[in-house]
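Okay, so here's the structure we're looking at.
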Amino acid sequence: MAKLRVHNFSVSLDGYGAGRDQSVENPLGEGGERLHEWVFETRGGRAMIGEDGGDTGVDEDFFNRGVAGIGATIMGRNTFGPIRGEWGDDEWKGWWGDEPPYHHPVFVLTHHPRPPITMAGGTVFNFVDTGIESALERAFEAAGGADVRLVGGVSTIQQYLRAGLLDELHAAIAPVLLGSGERLLDDLDDAVANYEVAEFVSSPAVAHVVLKRAASKTS
């Protein structure tokens with residue numbers, strides 16, 4: 001059965017997935033870019049941005065798992081861009097340039113309708129204003145039997161956790177202290193009781209933690 005998975009979601013030692021004061025110039029907030037330095041030391045991470053080289057090993061393996069078997073992506077509006085309210089002139093097409101790294105359908109959660117945007121390389125941004133369940137249904141349909149990846153941000157992951165819709169969450173804990181921002185596992189009520197730690201593996205750069213739906217919750 002197809003699953004909804006989070007992969008390579010970097011958090012700080014104090015639990016933040018983004019720093020404070022996010023902006024166009026600083027999309028991950030103050031210090032947030034440091035959380036993802038490990039990605040661009042891997043061979044796969046460098047290839048994603050058109051560069052050669054990179055390390056193999058534990059971090060590379062986890063990075064690649066986030067790509068394998070994925071047929072569609074879901075993201076929150078804040079992950080797609082900094083615009084709030086109505087879309088306006090519709091010029092914003094994401095942070096990733098003309099050819100985003102997804103190469104499959106992407107479903108962006110929003111309260112404001114917008115026509116789909118087709119990008120180079122096969123990425124199509126679809127804007128869903130009918131809720132998280134509707135976005136997931138459409139993503140599963142578009143994925144054609146493959147899994148769906150949820151890329152964030154923090155509040156979007158929390159919504160799917162609270163709703164019990166997330167099957168797997170891989171967090172990469174970076175040796176960084178942000179002090180403030182958006183904490184991944186805050187305000188989840190009893191949702192975390194539905195998950196258990198399936199993997200805990202460390203490299204010199206980050207500690208990888210995989211949460212999966214508890215066995216007693218899968219039947």
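Here's how to read the names in the structure tokens: chain A, B, ... by the order shown, residue numbers from 1 in each chain, ligand numbers from 1 in the order shown.
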
- as a PyMOL selection string, please: all residues of chain A that backbone DSSP puts in alpha helix (DSSP H). chain A and resi 43-48+58-65+77-80+132-143+154-162

Restricted to N, CA and C atoms, what would the selected residues look like written as a short mmCIF file (atom, residue, chain, number, x, y, z; two decimals), in the first residue's frame?
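Here's the written file selection_18.cif:
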```cif
data_model
loop_
_atom_site.label_atom_id
_atom_site.label_comp_id
_atom_site.auth_asym_id
_atom_site.auth_seq_id
_atom_site.Cartn_x
_atom_site.Cartn_y
_atom_site.Cartn_z
N ARG A 43 26.72 12.91 -2.23
CA ARG A 43 26.78 12.85 -3.69
C ARG A 43 25.42 13.20 -4.30
N GLY A 44 24.35 12.66 -3.72
CA GLY A 44 23.03 12.94 -4.24
C GLY A 44 22.63 14.39 -4.08
N GLY A 45 22.97 14.98 -2.94
CA GLY A 45 22.65 16.39 -2.71
C GLY A 45 23.36 17.31 -3.68
N ARG A 46 24.62 16.98 -3.98
CA ARG A 46 25.35 17.80 -4.96
C ARG A 46 24.80 17.63 -6.35
N ALA A 47 24.46 16.40 -6.70
CA ALA A 47 23.89 16.16 -8.03
C ALA A 47 22.58 16.92 -8.21
N MET A 48 21.81 17.07 -7.14
CA MET A 48 20.53 17.77 -7.19
C MET A 48 20.70 19.23 -7.62
N VAL A 58 26.37 6.84 5.20
CA VAL A 58 25.09 6.89 5.89
C VAL A 58 24.22 8.05 5.39
N ASP A 59 24.77 9.24 5.34
CA ASP A 59 23.98 10.40 4.94
C ASP A 59 23.50 10.29 3.50
N GLU A 60 24.36 9.80 2.63
CA GLU A 60 23.99 9.59 1.24
C GLU A 60 22.86 8.57 1.13
N ASP A 61 22.94 7.51 1.93
CA ASP A 61 21.89 6.49 1.90
C ASP A 61 20.54 7.07 2.31
N PHE A 62 20.53 7.86 3.37
CA PHE A 62 19.27 8.46 3.81
C PHE A 62 18.75 9.47 2.79
N PHE A 63 19.64 10.23 2.20
CA PHE A 63 19.21 11.17 1.17
C PHE A 63 18.52 10.43 0.03
N ASN A 64 19.11 9.36 -0.42
CA ASN A 64 18.57 8.61 -1.56
C ASN A 64 17.24 7.95 -1.23
N ARG A 65 17.05 7.55 0.01
CA ARG A 65 15.77 6.96 0.41
C ARG A 65 14.63 7.96 0.26
N ARG A 77 2.15 26.02 1.85
CA ARG A 77 2.35 27.23 1.05
C ARG A 77 3.63 27.95 1.43
N ASN A 78 4.00 27.93 2.70
CA ASN A 78 5.21 28.61 3.12
C ASN A 78 6.45 27.96 2.55
N THR A 79 6.39 26.64 2.29
CA THR A 79 7.51 25.96 1.65
C THR A 79 7.61 26.37 0.19
N PHE A 80 6.47 26.60 -0.45
CA PHE A 80 6.47 27.00 -1.85
C PHE A 80 6.98 28.43 -2.04
N ILE A 132 -6.12 19.16 3.82
CA ILE A 132 -5.00 18.23 3.76
C ILE A 132 -5.43 16.85 3.25
N GLU A 133 -6.64 16.41 3.60
CA GLU A 133 -7.09 15.11 3.13
C GLU A 133 -7.29 15.11 1.62
N SER A 134 -7.85 16.20 1.09
CA SER A 134 -8.05 16.32 -0.35
C SER A 134 -6.72 16.33 -1.08
N ALA A 135 -5.74 17.06 -0.54
CA ALA A 135 -4.41 17.10 -1.16
C ALA A 135 -3.79 15.71 -1.18
N LEU A 136 -3.95 14.96 -0.09
CA LEU A 136 -3.37 13.62 -0.02
C LEU A 136 -4.06 12.68 -1.01
N GLU A 137 -5.37 12.77 -1.11
CA GLU A 137 -6.10 11.94 -2.07
C GLU A 137 -5.64 12.20 -3.50
N ARG A 138 -5.51 13.47 -3.84
CA ARG A 138 -5.06 13.83 -5.18
C ARG A 138 -3.62 13.39 -5.43
N ALA A 139 -2.78 13.52 -4.40
CA ALA A 139 -1.37 13.13 -4.55
C ALA A 139 -1.24 11.63 -4.75
N PHE A 140 -1.98 10.83 -3.97
CA PHE A 140 -1.94 9.38 -4.15
C PHE A 140 -2.40 8.99 -5.55
N GLU A 141 -3.44 9.64 -6.02
CA GLU A 141 -3.94 9.34 -7.36
C GLU A 141 -2.88 9.67 -8.41
N ALA A 142 -2.24 10.83 -8.26
CA ALA A 142 -1.22 11.25 -9.22
C ALA A 142 0.01 10.36 -9.16
N ALA A 143 0.32 9.81 -7.97
CA ALA A 143 1.51 8.99 -7.78
C ALA A 143 1.38 7.62 -8.44
N VAL A 154 7.05 22.88 8.86
CA VAL A 154 6.74 22.35 10.18
C VAL A 154 5.24 22.25 10.41
N SER A 155 4.51 23.33 10.19
CA SER A 155 3.07 23.32 10.49
C SER A 155 2.32 22.32 9.63
N THR A 156 2.76 22.13 8.39
CA THR A 156 2.11 21.17 7.50
C THR A 156 2.34 19.74 7.98
N ILE A 157 3.57 19.42 8.37
CA ILE A 157 3.85 18.09 8.92
C ILE A 157 3.03 17.86 10.18
N GLN A 158 2.92 18.88 11.02
CA GLN A 158 2.14 18.74 12.25
C GLN A 158 0.67 18.45 11.95
N GLN A 159 0.12 19.09 10.93
CA GLN A 159 -1.28 18.83 10.58
C GLN A 159 -1.50 17.38 10.20
N TYR A 160 -0.59 16.83 9.39
CA TYR A 160 -0.74 15.43 8.98
C TYR A 160 -0.48 14.47 10.14
N LEU A 161 0.42 14.83 11.06
CA LEU A 161 0.64 14.01 12.24
C LEU A 161 -0.61 13.99 13.12
N ARG A 162 -1.18 15.15 13.38
CA ARG A 162 -2.38 15.21 14.23
C ARG A 162 -3.53 14.43 13.63
#
```

For region 72-138 of chain A against region 21-37 of chain A, with a cut-off of 12 Å and counting only C-alpha atoms, what is the closest atom pair and its distance in Å to one decimal for every residue that makes the cut, ordered by chain and number, as JSON lines?
```
{"residue": "A:Asn78", "atom": "CA", "partner": "A:Pro27", "partner_atom": "CA", "distance": 8.9}
{"residue": "A:Thr79", "atom": "CA", "partner": "A:Pro27", "partner_atom": "CA", "distance": 8.5}
{"residue": "A:Phe80", "atom": "CA", "partner": "A:Pro27", "partner_atom": "CA", "distance": 10.0}
{"residue": "A:Gly81", "atom": "CA", "partner": "A:Val24", "partner_atom": "CA", "distance": 8.0}
{"residue": "A:Pro82", "atom": "CA", "partner": "A:Val24", "partner_atom": "CA", "distance": 6.1}
{"residue": "A:Ile83", "atom": "CA", "partner": "A:Val24", "partner_atom": "CA", "distance": 9.1}
{"residue": "A:Arg84", "atom": "CA", "partner": "A:Ser23", "partner_atom": "CA", "distance": 11.5}
{"residue": "A:Trp92", "atom": "CA", "partner": "A:Val24", "partner_atom": "CA", "distance": 11.3}
{"residue": "A:Gly94", "atom": "CA", "partner": "A:Val24", "partner_atom": "CA", "distance": 11.0}
{"residue": "A:Trp95", "atom": "CA", "partner": "A:Pro27", "partner_atom": "CA", "distance": 9.0}
```

Pull N, CA and C atoms from the residues just selected and write them as a compact mmCIF listing (two decimals), in the first residue's frame.
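Everything below was put into part39.txt:
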```txt
# COMPACT_ATOMS: atom_id res chain seq x y z
N ASN A 78 4.00 27.93 2.70
CA ASN A 78 5.21 28.61 3.12
C ASN A 78 6.45 27.96 2.55
N THR A 79 6.39 26.64 2.29
CA THR A 79 7.51 25.96 1.65
C THR A 79 7.61 26.37 0.19
N PHE A 80 6.47 26.60 -0.45
CA PHE A 80 6.47 27.00 -1.85
C PHE A 80 6.98 28.43 -2.04
N GLY A 81 6.65 29.32 -1.11
CA GLY A 81 7.10 30.70 -1.28
C GLY A 81 6.64 31.62 -0.17
N PRO A 82 7.06 32.89 -0.20
CA PRO A 82 6.80 33.84 0.88
C PRO A 82 5.51 34.63 0.75
N ILE A 83 4.76 34.44 -0.33
CA ILE A 83 3.57 35.25 -0.59
C ILE A 83 2.46 34.86 0.36
N ARG A 84 1.75 35.84 0.90
CA ARG A 84 0.62 35.61 1.79
C ARG A 84 -0.64 36.21 1.16
N TRP A 92 5.27 34.47 -8.93
CA TRP A 92 6.08 33.58 -8.10
C TRP A 92 5.84 32.13 -8.51
N GLY A 94 7.99 29.51 -7.13
CA GLY A 94 8.77 28.69 -6.23
C GLY A 94 10.21 29.15 -6.10
N TRP A 95 10.92 28.51 -5.17
CA TRP A 95 12.31 28.88 -4.85
C TRP A 95 13.32 28.25 -5.80
```

- strand (DSSP E or B) residues, from DSSP on the backbone, in region 163-197 of chain A, as a ChimeraX atom specification: /A:168-173,182-183,195-197

- Just how far from CA of His7 (chain A) is CA of Ala172 (chain A), in Å to one decimal? 8.6 Å

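If you measure from each of A:Ala18, A:Val201, A:Met1, A:Leu165 to Leu177 (chain A) using only C-alpha atoms, the closest one turns out to be A:Ala18.
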
- Task: Between CA of Pro100 (chain A) and CA of Ala207 (chain A), measure the distance and give it in Å to one decimal.
- Result: 27.2 Å

- Residues within 9 Å of Leu169 (chain A), only C-alpha atoms, excluding chain neighbours under 3 positions, as JSON, numbers by chain: {"A": [4, 5, 6, 7, 8, 9, 166, 209, 210, 211, 212]}

- Query: A:Met75, A:Ala198, A:Val148, A:Ala214: which is nearest His170 (chain A), counting only C-alpha atoms?
  - Reply: A:Ala198

- Query: If we count only C-alpha atoms, what is near His104 (chain A) at a cut-off of 9 Å, once residues fewer than 5 positions away on the same chain are taken out, given as a list of chain:residue names?
  - Reply: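 Residues meeting the cut-off are A:Ile70, A:Gly71, A:Ala72, A:Thr73, A:Gly121, A:Gly122, A:Thr123, A:Val124, A:Phe125, A:Ala142, A:Ala143.
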
- Could you work out how far CA of Gly152 (chain A) lies from CA of Pro116 (chain A), giving the answer in Å with one decimal?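 CA of Gly152 (chain A) lies at a distance of 19.5 Å from CA of Pro116 (chain A).
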